[in-house]
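Colleague: File coords.txt below, compact mmCIF, C-alpha atoms:
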# COMPACT_ATOMS: atom_id res chain seq x y z
CA MET A 1 46.57 9.82 -33.46
CA SER A 2 44.51 12.22 -31.36
CA THR A 3 46.19 14.80 -29.15
CA ILE A 4 46.60 13.62 -25.55
CA PRO A 5 45.06 16.11 -23.11
CA LYS A 6 46.77 17.20 -19.88
CA SER A 7 43.98 15.79 -17.68
CA TYR A 8 41.15 13.27 -17.79
CA ARG A 9 38.04 12.27 -15.83
CA ARG A 10 37.52 9.20 -13.70
CA VAL A 11 34.91 7.82 -11.29
CA VAL A 12 35.98 6.93 -7.74
CA LEU A 13 34.09 5.19 -4.94
CA VAL A 14 33.44 7.50 -1.96
CA ARG A 15 30.96 5.43 0.12
CA ARG A 16 30.10 1.77 0.59
CA PRO A 17 26.34 1.47 0.11
CA PRO A 18 24.53 -0.75 2.63
CA GLY A 19 21.78 -1.52 0.10
CA GLU A 20 21.10 -0.18 -3.37
CA PRO A 21 23.89 2.13 -4.56
CA ALA A 22 23.19 5.83 -5.04
CA GLU A 23 24.88 8.23 -7.43
CA SER A 24 26.30 10.03 -4.37
CA ASP A 25 28.35 6.89 -3.60
CA PHE A 26 30.55 7.88 -6.54
CA ARG A 27 32.48 11.01 -7.50
CA VAL A 28 33.56 12.13 -10.95
CA GLU A 29 36.91 13.88 -10.68
CA GLU A 30 39.47 15.34 -13.07
CA VAL A 31 43.11 14.38 -12.55
CA PRO A 32 46.45 14.97 -14.34
CA MET A 33 47.33 12.66 -17.22
CA PRO A 34 49.73 9.89 -16.10
CA GLU A 35 52.91 8.90 -17.92
CA PRO A 36 53.50 5.21 -18.71
CA LYS A 37 56.56 3.71 -17.04
CA HIS A 38 58.81 1.05 -18.56
CA GLY A 39 56.67 -1.85 -19.85
CA GLU A 40 53.46 0.18 -19.61
CA VAL A 41 51.11 1.81 -22.10
CA LEU A 42 48.64 4.69 -21.92
CA VAL A 43 45.20 3.69 -23.19
CA LYS A 44 42.45 6.04 -24.35
CA VAL A 45 39.35 4.14 -23.22
CA ALA A 46 36.62 3.87 -25.86
CA TYR A 47 34.08 1.70 -24.01
CA LEU A 48 33.66 0.94 -20.33
CA SER A 49 31.94 -2.27 -19.25
CA LEU A 50 29.29 -2.20 -16.49
CA ASP A 51 28.73 -5.61 -14.91
CA PRO A 52 26.85 -6.97 -11.87
CA TYR A 53 30.04 -8.29 -10.19
CA GLN A 54 31.13 -4.69 -9.63
CA ARG A 55 28.47 -4.37 -6.91
CA GLY A 56 30.28 -7.00 -4.86
CA ARG A 57 33.56 -5.11 -5.23
CA MET A 58 31.95 -2.13 -3.46
CA ARG A 59 31.71 -4.17 -0.24
CA ASP A 60 34.56 -4.38 2.24
CA ALA A 61 34.22 -8.13 2.56
CA ALA A 62 36.30 -11.17 1.74
CA SER A 63 35.63 -12.44 -1.77
CA TYR A 64 37.43 -13.88 -4.79
CA ALA A 65 38.73 -10.38 -5.57
CA ALA A 66 39.83 -7.44 -3.43
CA PRO A 67 37.27 -4.67 -2.80
CA VAL A 68 37.63 -1.22 -4.32
CA GLY A 69 39.13 1.16 -1.74
CA LEU A 70 37.39 4.40 -0.86
CA GLY A 71 38.80 7.12 -3.06
CA GLU A 72 39.98 4.57 -5.63
CA VAL A 73 38.86 4.25 -9.24
CA MET A 74 35.90 1.89 -9.65
CA THR A 75 36.97 -1.40 -11.13
CA GLY A 76 35.70 -2.44 -14.52
CA GLY A 77 36.65 -3.83 -17.87
CA GLY A 78 37.39 -1.49 -20.73
CA VAL A 79 38.53 -1.47 -24.32
CA GLY A 80 40.42 1.30 -26.05
CA GLU A 81 43.40 2.45 -28.11
CA VAL A 82 47.03 2.62 -27.09
CA VAL A 83 48.05 6.28 -27.48
CA LYS A 84 51.51 6.07 -25.85
CA SER A 85 53.70 3.01 -25.42
CA ASN A 86 56.74 2.41 -23.24
CA GLY A 87 56.82 -1.34 -23.77
CA ALA A 88 57.35 -3.87 -26.52
CA ARG A 89 54.08 -5.84 -26.17
CA PHE A 90 51.77 -3.15 -27.56
CA ALA A 91 52.25 -0.39 -30.09
CA VAL A 92 50.53 2.96 -30.50
CA GLY A 93 47.30 2.37 -32.38
CA ASP A 94 46.67 -1.13 -30.99
CA SER A 95 43.19 -1.86 -29.67
CA VAL A 96 43.44 -3.49 -26.23
CA GLU A 97 41.19 -4.82 -23.46
CA ASP A 98 41.77 -5.15 -19.73
CA ARG A 99 40.43 -4.09 -16.32
CA LEU A 100 41.04 -0.42 -17.07
CA GLY A 101 38.56 0.98 -14.54
CA TRP A 102 35.93 3.71 -14.77
CA GLN A 103 38.11 6.34 -16.42
CA GLU A 104 38.73 8.03 -19.76
CA TYR A 105 42.44 7.13 -19.85
CA ALA A 106 44.26 4.32 -18.07
CA ILE A 107 47.75 2.94 -17.58
CA GLY A 108 47.99 -0.68 -18.71
CA GLY A 109 50.45 -3.34 -19.69
CA ALA A 110 49.78 -6.13 -17.20
CA ALA A 111 49.87 -9.76 -18.32
CA THR A 112 46.05 -9.75 -18.42
CA MET A 113 45.91 -7.09 -21.16
CA ARG A 114 45.09 -8.53 -24.58
CA LYS A 115 45.14 -7.15 -28.09
CA VAL A 116 41.74 -6.90 -29.77
CA ASP A 117 41.22 -7.59 -33.48
CA PRO A 118 38.88 -4.87 -34.85
CA SER A 119 38.33 -6.90 -38.03
CA LEU A 120 36.62 -9.69 -36.11
CA ALA A 121 33.83 -7.51 -34.70
CA PRO A 122 33.39 -3.95 -33.32
CA ILE A 123 35.81 -3.39 -30.44
CA SER A 124 32.91 -2.88 -28.01
CA THR A 125 32.36 -6.65 -28.18
CA ALA A 126 35.64 -7.12 -26.30
CA ASN A 127 33.62 -6.01 -23.24
CA GLY A 128 30.72 -8.28 -24.11
CA VAL A 129 30.19 -11.25 -26.38
CA LEU A 130 33.93 -11.50 -27.16
CA GLY A 131 35.03 -10.64 -23.63
CA MET A 132 34.35 -11.56 -20.03
CA PRO A 133 30.54 -11.99 -20.38
CA GLY A 134 30.91 -14.11 -23.51
CA MET A 135 33.55 -16.30 -21.90
CA THR A 136 31.35 -16.62 -18.80
CA ALA A 137 28.49 -17.88 -20.95
CA TYR A 138 30.70 -20.20 -23.02
CA PHE A 139 32.46 -21.98 -20.17
CA GLY A 140 29.59 -21.80 -17.70
CA LEU A 141 27.27 -23.60 -20.09
CA LEU A 142 29.64 -25.98 -21.87
CA GLU A 143 32.06 -26.88 -19.05
CA VAL A 144 29.79 -26.56 -16.00
CA GLY A 145 26.31 -27.19 -17.44
CA GLN A 146 27.48 -29.81 -19.95
CA PRO A 147 24.32 -29.75 -22.13
CA LYS A 148 23.48 -32.66 -24.39
CA PRO A 149 21.49 -32.50 -27.65
CA GLY A 150 17.76 -32.67 -26.99
CA GLU A 151 18.00 -31.49 -23.38
CA THR A 152 16.17 -28.43 -22.01
CA VAL A 153 18.35 -25.51 -20.95
CA VAL A 154 16.88 -22.64 -18.91
CA VAL A 155 18.75 -19.35 -18.41
CA SER A 156 17.69 -16.45 -16.19
CA ALA A 157 18.39 -12.81 -17.13
CA ALA A 158 18.13 -14.14 -20.66
CA SER A 159 18.40 -10.79 -22.46
CA GLY A 160 21.48 -9.69 -20.51
CA ALA A 161 25.10 -9.79 -21.58
CA VAL A 162 25.67 -13.35 -20.37
CA GLY A 163 22.19 -14.82 -20.73
CA GLN A 164 21.72 -13.93 -24.40
CA VAL A 165 24.93 -15.78 -25.26
CA VAL A 166 24.13 -18.80 -23.08
CA GLY A 167 20.84 -19.41 -24.87
CA GLN A 168 22.29 -19.13 -28.35
CA ILE A 169 25.13 -21.52 -27.54
CA GLY A 170 22.50 -23.90 -26.16
CA LYS A 171 20.68 -23.79 -29.50
CA ILE A 172 23.95 -24.39 -31.37
CA MET A 173 24.44 -27.46 -29.15
CA GLY A 174 21.03 -28.82 -30.22
CA CYS A 175 19.12 -28.07 -27.01
CA ARG A 176 15.66 -26.72 -26.33
CA VAL A 177 16.32 -23.31 -24.75
CA VAL A 178 13.99 -21.35 -22.49
CA GLY A 179 14.81 -17.88 -21.20
CA ILE A 180 13.50 -15.95 -18.22
CA ALA A 181 13.44 -12.17 -18.59
CA GLY A 182 11.62 -9.13 -17.25
CA GLY A 183 9.06 -7.60 -19.61
CA ALA A 184 7.36 -8.40 -22.90
CA ALA A 185 9.92 -6.51 -25.00
CA LYS A 186 12.85 -8.46 -23.60
CA CYS A 187 11.03 -11.77 -24.05
CA ALA A 188 10.16 -10.88 -27.65
CA PHE A 189 13.83 -10.11 -28.33
CA VAL A 190 14.93 -13.40 -26.77
CA THR A 191 12.56 -15.56 -28.83
CA GLY A 192 12.49 -13.42 -31.98
CA GLU A 193 15.99 -12.08 -32.53
CA LEU A 194 17.98 -14.66 -30.57
CA GLY A 195 15.94 -17.73 -31.46
CA PHE A 196 15.17 -19.15 -28.00
CA ASP A 197 12.31 -21.67 -28.04
CA ALA A 198 10.37 -19.81 -25.34
CA CYS A 199 10.74 -17.06 -22.76
CA VAL A 200 8.95 -16.59 -19.44
CA ASP A 201 8.23 -13.02 -18.30
CA TYR A 202 8.79 -13.06 -14.55
CA LYS A 203 7.25 -9.58 -14.28
CA ALA A 204 3.93 -10.67 -15.79
CA GLY A 205 2.50 -11.61 -12.39
CA ASN A 206 1.77 -15.19 -13.41
CA ASP A 207 2.54 -18.35 -11.43
CA LEU A 208 6.20 -18.86 -12.36
CA ASP A 209 6.08 -22.57 -11.50
CA ALA A 210 3.14 -23.12 -13.83
CA ALA A 211 4.65 -20.96 -16.57
CA LEU A 212 7.87 -22.97 -16.50
CA ARG A 213 6.03 -26.29 -16.55
CA ALA A 214 4.08 -25.11 -19.61
CA VAL A 215 7.20 -24.28 -21.65
CA CYS A 216 9.35 -27.11 -20.24
CA PRO A 217 7.04 -30.12 -20.62
CA SER A 218 9.98 -32.52 -20.28
CA GLY A 219 11.39 -30.72 -17.24
CA ILE A 220 14.68 -28.82 -16.97
CA ASP A 221 18.06 -30.49 -17.47
CA VAL A 222 20.44 -27.53 -17.26
CA TYR A 223 19.88 -24.26 -15.41
CA PHE A 224 22.23 -21.31 -15.91
CA ASP A 225 21.55 -19.13 -12.88
CA ASN A 226 22.26 -15.41 -13.13
CA VAL A 227 19.73 -14.10 -10.62
CA GLY A 228 19.06 -16.37 -7.62
CA GLY A 229 16.05 -15.64 -5.42
CA GLU A 230 12.45 -16.54 -6.22
CA VAL A 231 13.10 -17.01 -9.93
CA SER A 232 15.70 -19.67 -9.25
CA ASP A 233 13.50 -21.31 -6.61
CA ALA A 234 10.83 -21.84 -9.29
CA VAL A 235 13.34 -23.27 -11.76
CA LEU A 236 14.84 -25.67 -9.24
CA ARG A 237 11.44 -27.03 -8.32
CA ASN A 238 11.20 -28.16 -11.95
CA ILE A 239 14.72 -29.57 -12.33
CA ASN A 240 15.09 -33.10 -13.72
CA PHE A 241 16.92 -36.07 -12.25
CA PHE A 242 20.67 -35.65 -12.76
CA GLY A 243 20.17 -32.00 -13.71
CA ARG A 244 23.10 -29.55 -13.69
CA VAL A 245 23.07 -26.02 -12.30
CA ALA A 246 25.73 -23.47 -13.29
CA LEU A 247 25.79 -20.86 -10.53
CA CYS A 248 27.00 -17.69 -12.21
CA GLY A 249 25.41 -14.87 -10.20
CA SER A 250 22.54 -13.77 -7.99
CA ILE A 251 21.78 -10.22 -9.08
CA SER A 252 18.39 -10.27 -7.33
CA GLN A 253 20.23 -10.29 -3.99
CA TYR A 254 23.23 -8.02 -4.60
CA ASN A 255 21.59 -4.99 -2.95
CA ALA A 256 20.05 -6.94 -0.04
CA THR A 257 20.91 -5.59 3.41
CA THR A 258 20.17 -8.96 5.05
CA PRO A 259 20.42 -12.42 3.47
CA PRO A 260 16.99 -13.39 2.07
CA ILE A 261 15.41 -16.61 3.31
CA GLY A 262 13.64 -18.67 0.67
CA PRO A 263 12.59 -22.27 0.08
CA ARG A 264 15.27 -24.70 1.18
CA LEU A 265 15.54 -26.92 -1.86
CA LEU A 266 18.75 -28.83 -1.15
CA GLY A 267 16.69 -31.94 -0.41
CA THR A 268 15.59 -31.86 -4.03
CA PHE A 269 19.24 -31.95 -5.06
CA VAL A 270 19.79 -35.10 -3.02
CA GLY A 271 16.78 -37.05 -4.25
CA LYS A 272 17.25 -36.03 -7.88
CA ARG A 273 21.06 -36.22 -7.76
CA VAL A 274 21.37 -32.68 -9.08
CA ARG A 275 24.86 -31.20 -9.43
CA ALA A 276 25.25 -27.47 -8.72
CA GLN A 277 28.57 -25.74 -9.26
CA GLY A 278 29.59 -22.15 -8.73
CA PHE A 279 32.29 -20.79 -11.03
CA ILE A 280 34.29 -17.69 -11.89
CA VAL A 281 35.19 -17.09 -15.52
CA THR A 282 38.91 -16.84 -14.75
CA ASP A 283 38.81 -20.51 -13.73
CA PHE A 284 39.05 -21.17 -17.48
CA ALA A 285 41.57 -18.46 -18.42
CA GLY A 286 43.91 -21.00 -20.01
CA LYS A 287 41.24 -21.91 -22.56
CA TYR A 288 40.21 -18.39 -23.67
CA GLU A 289 42.04 -18.30 -27.00
CA PRO A 290 40.28 -21.21 -28.76
CA ALA A 291 36.97 -20.20 -27.19
CA LEU A 292 37.26 -16.65 -28.55
CA ARG A 293 38.10 -18.02 -32.00
CA GLN A 294 35.00 -20.22 -31.88
CA MET A 295 32.80 -17.35 -30.72
CA GLY A 296 34.19 -15.13 -33.46
CA GLU A 297 33.36 -17.75 -36.08
CA TRP A 298 29.80 -18.05 -34.75
CA ILE A 299 29.37 -14.27 -34.96
CA LYS A 300 30.70 -14.13 -38.54
CA SER A 301 28.42 -16.98 -39.62
CA GLY A 302 25.37 -15.33 -38.05
CA LYS A 303 24.84 -18.11 -35.49
CA LEU A 304 25.58 -15.78 -32.59
CA LYS A 305 23.95 -12.36 -32.24
CA TYR A 306 24.27 -9.77 -29.52
CA ARG A 307 22.67 -6.58 -28.25
CA GLU A 308 24.36 -3.68 -26.50
CA ASP A 309 22.85 -0.95 -24.31
CA VAL A 310 25.14 2.09 -24.61
CA VAL A 311 25.13 5.39 -22.71
CA GLN A 312 27.40 8.33 -23.57
CA GLY A 313 29.96 9.85 -21.23
CA ILE A 314 31.86 8.80 -18.10
CA ASP A 315 29.55 10.94 -15.92
CA LYS A 316 26.63 8.67 -16.87
CA ALA A 317 28.33 5.53 -15.51
CA PRO A 318 26.95 5.64 -11.92
CA ARG A 319 23.35 6.09 -13.02
CA ALA A 320 23.64 3.42 -15.71
CA PHE A 321 25.18 1.02 -13.18
CA ILE A 322 22.33 1.52 -10.72
CA GLY A 323 19.80 0.97 -13.52
CA MET A 324 21.55 -2.22 -14.59
CA LEU A 325 21.22 -3.66 -11.08
CA ARG A 326 17.49 -2.87 -11.29
CA GLY A 327 17.23 -4.69 -14.62
CA GLU A 328 16.62 -1.52 -16.63
CA ASN A 329 19.27 -2.30 -19.25
CA PHE A 330 18.47 -4.16 -22.45
CA GLY A 331 21.57 -6.12 -23.47
CA LYS A 332 25.21 -5.64 -22.55
CA MET A 333 25.61 -2.38 -20.57
CA LEU A 334 28.38 -0.12 -21.89
CA VAL A 335 29.54 3.46 -21.44
CA LYS A 336 30.94 5.07 -24.58
CA MET A 337 33.52 7.72 -23.89
I need this file expressed as structure tokens, please.
Modeller:
Amino acid sequence: MSTIPKSYRRVVLVRRPPGEPAESDFRVEEVPMPEPKHGEVLVKVAYLSLDPYQRGRMRDAASYAAPVGLGEVMTGGGVGEVVKSNGARFAVGDSVEDRLGWQEYAIGGAATMRKVDPSLAPISTANGVLGMPGMTAYFGLLEVGQPKPGETVVVSAASGAVGQVVGQIGKIMGCRVVGIAGGAAKCAFVTGELGFDACVDYKAGNDLDAALRAVCPSGIDVYFDNVGGEVSDAVLRNINFFGRVALCGSISQYNATTPPIGPRLLGTFVGKRVRAQGFIVTDFAGKYEPALRQMGEWIKSGKLKYREDVVQGIDKAPRAFIGMLRGENFGKMLVKM
């Protein structure tokens, strides 16, 4: 076991950005090492997860989760090693995952903390394909989208942490899968490494409607929406009768200072009897265990692949987070401590 230092670094929120976050909205500070109380553990964080939902937590607005307070540690998932234990649930040396925050060490032990099996896959996957993003993809597609063999599934942000898993599960389910991603390199990864049937580059400057019609000749049955905005408008104009839309996120609008006004397509939903459902991954928390086992089996068999985008050091977290919101990351965005 490594020696526990007397202090550690963490990132706190110091300003609520009205639009795109800036590095000055955060502060890296050094604080004394805490001592776990009864039932708690001290975790040395190995990997910090950066995810789009964290932008919403920077706003002082009502949502499904409380906002981060000014001067408080930025929220975020993390995985690491228990280095001190004052509770029976976890022992020193255990690998664990929970909302540990943007910090090098964290106090944990809540009911949400889970033990991670390092033999299943590298522990970093507990923040990605075998964590919140993977569960989001699994339940969002299978429970909300309900794809059937032979149907066409379209997923936006296809090379991201959630999108790359959605498409591969769609292929496992016997569907035709089309991704939407930004840039030729990401599209090549999606079709080459991940095995999607096609990928549309929304940055190529082409007519997105026409591009989608070309690769979805039978229309679109299931849309897994990670981005919202103009990309989703184009997809929904090509949705089939009785199509299903899993509303996961709208990263294209997270930094908007005023709500964007786009095509009003709800009439299409009426005429085509389309079902759209928003969801939060914790809606399915009671089903995580069998889903994680299934995902682990798919990884071991080679049916499910993943890509991570890793930066080094807690001080790099703010810049990496801003870049992720711009779409600069390639795969699941992580900070390695």
Colleague: Nearest to Asn226 (chain A): which of A:Ala214, A:Glu30, A:Asp51, A:Gly150 is it, counting all atoms listed in the file?
Modeller: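 Ranking A:Ala214, A:Glu30, A:Asp51, A:Gly150 by distance to Asn226 (chain A), first place goes to A:Asp51.
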Colleague: Could you give me, as a list in words, the residues within 7 Å of region 165-167 of chain A, counting all atoms listed in the file and dropping anything in the same chain fewer than 4 positions from it?
Modeller: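 Result of the neighbour search: Gly134, Ala137, Tyr138, Leu141, Val155, Lys171, Val177 and Phe196 of chain A.
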Colleague: Please return the centre and edge lengths, in Å to one decimal, of a box with edges along x, y and z that contains all listed atoms of region 214-231 of chain A, widened by 8 Å on every side, as JSON.
Modeller:
{"center_x": 13.2, "center_y": -23.3, "center_z": -13.5, "size_x": 34.2, "size_y": 34.4, "size_z": 32.2}
Colleague: When you look at Gly109 (chain A) with a cut-off of 7 Å (counting all atoms listed in the file), what residues show up, excluding the ones that are within fewer than 6 positions of it in the same chain? I need them as JSON, numbers by chain.
Modeller: {"A": [39, 40, 41]}
Colleague: Grab the residues selected above and save them as a CSV table (one decimal), in the coordinates of the input with C-alpha atoms.
Modeller:
chain,number,residue,atom,x,y,z
A,39,GLY,CA,56.7,-1.8,-19.8
A,40,GLU,CA,53.5,0.2,-19.6
A,41,VAL,CA,51.1,1.8,-22.1
Colleague: Point out the residue among A:Lys44, A:Lys148, A:Lys37, A:Arg275 with the least atom-to-atom distance to Asn86 (chain A), counting all atoms listed in the file.
Modeller: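 Result for the nearest residue to Asn86 (chain A): A:Lys37.
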Colleague: Show me, as number ranges by chain, the residues that have an atom within 7 Å of Met295 (chain A) when counting all atoms listed in the file, minus same-chain residues fewer than 4 positions from it.
Modeller: A: 130, 291, 299
